[in-house]
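Chemist: First the structure, which I've put down as structure tokens, then a few questions once you've had a look.
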Amino acid sequence: MTVGEIASWLNGEVVGDSTKDITRVAKIEEARAGELTFLANPKYERFLSSTKASVVLVSKAQQLDLAHGKDANGAPAFIRVEDPYIGFLRVLDLLTPKVDPFPEGIHPSAIIAKSAKLGKNVVLGANVVVDEGAVIGDETKISHGCIIGKSVQIGAGCLLYPRVTVYHQCRIGSRVIIHSGTVIGSDGFGWAPKPDGTYEKIPQLGIVIVEDDVSIGANCCIDRATVGETVIKRGVKLDNLIQIAHNCTVGEDTVIAAQTGLAGSTKIGKHNMIGGQVGFAGHMEMADNSIFLAQSGVTKSFTQPGQMYTGYPAKEVKKSRRIEAALRSLPELAREFEELKKKVAQLFEKLK
Amino acid sequence: MTVGEIASWLNGEVVGDSTKDITRVAKIEEARAGELTFLANPKYERFLSSTKASVVLVSKAQQLDLAHGKDANGAPAFIRVEDPYIGFLRVLDLLTPKVDPFPEGIHPSAIIAKSAKLGKNVVLGANVVVDEGAVIGDETKISHGCIIGKSVQIGAGCLLYPRVTVYHQCRIGSRVIIHSGTVIGSDGFGWAPKPDGTYEKIPQLGIVIVEDDVSIGANCCIDRATVGETVIKRGVKLDNLIQIAHNCTVGEDTVIAAQTGLAGSTKIGKHNMIGGQVGFAGHMEMADNSIFLAQSGVTKSFTQPGQMYTGYPAKEVKKSRRIEAALRSLPELAREFEELKKKVAQLFEKLK
Amino acid sequence: MTVGEIASWLNGEVVGDSTKDITRVAKIEEARAGELTFLANPKYERFLSSTKASVVLVSKAQQLDLAHGKDANGAPAFIRVEDPYIGFLRVLDLLTPKVDPFPEGIHPSAIIAKSAKLGKNVVLGANVVVDEGAVIGDETKISHGCIIGKSVQIGAGCLLYPRVTVYHQCRIGSRVIIHSGTVIGSDGFGWAPKPDGTYEKIPQLGIVIVEDDVSIGANCCIDRATVGETVIKRGVKLDNLIQIAHNCTVGEDTVIAAQTGLAGSTKIGKHNMIGGQVGFAGHMEMADNSIFLAQSGVTKSFTQPGQMYTGYPAKEVKKSRRIEAALRSLPELAREFEELKKKVAQLFEKLK
């Protein structure tokens with residue numbers, strides 16, 4: 001691909017020679033002729049004069065001396081784009097030879113109920129089950145061994161990797177990605193104690209709604225609501241092995257790392273960033289733009305937006321760090337305290 | 001359904017008009033005509049005089065002035081039952097239009113070994129595998145894609161959701177529920193170190209026994225015993241993504257929330273309540289009626305029944321809370337300590 | 001089997017009667033006639049004179065008075081081997097009647113792409129999918145419902161239990177064991193923030209390499225690299241529900257217990273021992289022979305080999321234990337501190 005072709009594909013503008021041929025991408029300090037690189041972090045600007053890359057993606061907003069971009073003697077061309085790193089990722093993806101992980105068409109072993117409805121160009125892998133009343137949108141690809149329950153609705157352009165289960169009646173939006181082994185819509189964990197010490201199952205009558213542009217990792221569990229809906233809002237990204245309990249809501253564009261769990265009816269705000277192995281108690285509410293560091297244990301609602309939390313029970317990071325520092329010097333404090341007690345005793349002795 | 005029909009279905013007795021028609025359920029403060037509600041918590045008694053519900057489930061043990069129950073002018077009827085909340089759940093379930101998540105009959109794609117034995121009215125979904133010597137009890141339903149290993153025994157009236165694996169020789173009781181993705185009977189994690197730094201696999205020759213009325217969530221792992229049995233006792237309820245290692249025993253009617261893990265050979269007593277993301281070290285024993293709060297790390301046996309634990313290493317809640325409070329004021333304590341040291345130095349100065 | 005036959009099978013040498021018949025194994029203090037036991041831990045030597053076992057495995061290195069081994073009157077024979085416990089495990093495995101969990105041959109329902117290549121004696125269970133370009137080595141057994149993606153390479157003598165997914169292009173070595181529900185090669189969790197608050201997917205173009213003699217438990221997730229490889233080195237043993245993120249490396253012969261997670265690009269050294277529910281932050285490096293106790297939260301690199309860590313943030317055990325002890329007496333310290341303040345105030349009063 002030429003620099004010009006890449007620029008037009010990225011909606012960018014070329015400064016310099018647009019005819020150079022680009023075959024690979026690389027880091028700015030390692031790139032060679034024929035390679036594309038990018039400049040996003042200002043601390044890499046020092047490599048601009050020495051890079052051997054044929055073309056550098058730079059930000060439209062960046063003030064750069066691109067004079068050498070106009071020099072044909074081996075100096076790089078530039079493409080000005082909105083976001084150089086995003087542009088780099090897109091070119092990386094474009095230029096990498098890839099195997100399409102998905103099958104094509106509808107495999108003859110797929111089992112499709114008569115009342116199910118498939119959109120245009122739907123892909124169903126081997127041994128996929130699409131149960132009664134399920135509806136699958138255009139261009140959605142469902143890989144081998146997935147189970148799509150009764151009356152499930154799945155939008156357009158989704159990618160379900162092998163062995164995903166979607167329980168009856170759950171609703172998945174468009175452009176949703178779900179990785180292998182994930183279970184959507186299993187029963188919420190609701191048990192009413194009986195006088196004899198055993199438990200009666202609380203019927204789990206609700207559903208799960210996964211909105212557009214959500215991505216869910218492998219071996220996650222998202223439970224259906226007791227009544228109503230468990231909701232994963234637009235744009236949410238979930239890593240692997242995550243537990244979302246019944247009646248939770250995860251707000252738009254929130255990102256959650258692996259092995260984190262939410263207990264029942266907890267609401268996470270928009271655009272939260274949640275680390276791995278975090279636990280949230282039930283029936284709580286988190287403000288927008290909150291950050292929870294890995295392994296936090298969150299036992300109460302945090303309603304002020306934009307704060308960062310850590311530890312168990314989770315506290316604002318500033319508070320936790322102060323306690324952590326004091327804790328590190330606690331053995332020393334305890335030793336000094338014993339000394340001070342002796343000194344005070346000496347003083348009493350002297351004053352007798 | 002009429003009030004009278006509901007009462008007779010619940011083994012309850014009507015006070016008031018038993019001919020009213022009931023179509024839905026609601027909370028006592030929101031219920032309207034045609035709806036059933038319940039009164040379990042005394043603090044909701046104040047709504048009794050104002051509720052618009054057509055019928056209220058009340059406890060046989062409750063002392064209530066049900067006079068207005070006899071009034072036909074819009075005042076509610078009552079049904080006296082053993083447990084109003086349990087009754088409410090049953091009516092909720094009864095009145096909610098539902099999709100049966102399970103298939104019917106035996107799907108032609110199910111693969112059943114010749115030596116396997118199926119009880120009456122067994123349901124097997126698409127692509128289910130029932131391996132050699134497996135025995136499935138009457139009325140048990142096994143959904144799409146489940147793998148039932150060699151010589152597995154499953155009792156009557158069980159529900160296995162899609163894509164459950166039961167390894168060879170494991171034994172499942174009756175009325176057991178297992179959700180999608182769960183694995184029963186994988187090898188215990190046993191490795192003997194060899195002089196060259198590699199490990200020799202300790203053969204895992206035992207099985208898993210899941211007793212009657214157990215419920216297991218999605219994507220759990222219950223390992224087979226090294227020798228003997230890993231046992232999940234009658235009535236235990238497990239949430240999602242739980243790890244039960246080889247040779248563990250979980251006592252009757254114990255409830256465990258998501259992402260908790262037990263290391264090998266640990267025994268949990270009867271009727272424990274265990275929060276999410278709790279970890280138990282191996283070879284320990286927990287007394288009956290113990291409570292472990294979420295994210296506890298349990299490093300030793302607790303033999304006194306009925307206590308509550310939290311933190312890492314897990315301590316009785318009272319002790320933990322005292323330490324937690326002291327910890328919060330630790331930075332302040334450290335600051336005051338420095339001041340006090342100065343004062344004591346001043347005193348020594350004065351006495352020189 | 002006779003003592004002589006067992007000895008020759010174990011490459012051991014008999015001291016005493018090699019004609020005795022052995023039918024079972026047992027602990028040294030419980031063993032009876034016809035049973036084999038072993039002596040590894042010196043504190044069990046006291047049982048040597050009283051054991052009723054017919055034969056005892058002992059170490060070639062052990063200095064024992066085996067005189068009674070020569071006595072035919074009920075005293076045990078001995079077999080000298082390199083490692084008595086390993087020998088015991090092998091005999092235990094040999095003498096236990098077992099069901100082979102794996103099917104035989106290639107099930108007619110297995111779906112094998114034309115371009116896939118199968119070695120000699122490969123076993124494929126029911127509904128296994130082997131996708132285009134996949135290569136499976138000799139004697140490898142793949143149980144029911146496994147999905148082997150496009151261009152996957154699997155070595156010889158592997159055991160894949162039911163419902164394992166291996167994504168496209170990943171490479172598995174020889175003699176690898178993978179338990180049910182595990183997912184190898186799902187996308188790494190990489191998302192680039194965009195100015196509008198949504199995220200752009202970072203393409204995950206790399207693969208997973210699982211080297212020889214690795215064992216992986218049930219429902220684990222090992223993500224493919226963004227670029228390059230996520231590597232599980234030779235001899236690593238993983239328990240259940242473990243998360244290994246993109247671009248991680250786990251060093252040779254490292255053992256990791258259940259529910260532990262590694263964030264992206266972290267490198268674990270050789271021969272680490274890592275407890276359950278441990279979390280590692282991303283982009284860190286751990287030295288060889290490190291030990292991490294259960295539930296540790298590891299937030300920085302530890303470069304000195306052979307140390308042991310615990311707690312959050314993880315510290316050397318000695319340091320953590322000192323802090324933990326100080327913490328336990330913190331409420332008492334706070335109380336005593338208040339007393340001391342009063343005493344110092346008294347002193348100032350006296351000196352006025």
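Order determines the names: the first chain of the structure tokens is A, the second B, and so forth; residues in each chain are numbered 1 upward, and ligands are numbered 1 upward as they are shown.
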Using only C-alpha atoms and a distance of at most 6 Å, pull out the residues of chain C that contact chain A, as a list in words.
Modeler: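 Only these qualify: His168, Phe189, Thr198, Pro203, Ile323 and Ala326 of chain C.
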Chemist: Counting only C-alpha atoms, what is within 12 Å of His283 in chain A, bar same-chain residues fewer than 2 positions away, as a ChimeraX atom specification?
Modeler: /A:245-249,262-268,280-281,285-286,298-301
Chemist: May I have the residues within 7 Å of Lys117 in chain B as a ChimeraX atom specification, using only C-alpha atoms and disregarding those fewer than 3 positions away in the same chain?
Modeler: /B:134-136
Chemist: Skipping near chain neighbours, those fewer than 6 positions away, what residues fall within 12 Å of Ala75 in chain B using only C-alpha atoms, listed as a VMD selection string?
Modeler: chain B and resid 15 to 17 20 32 to 34 48 to 56 66 to 69
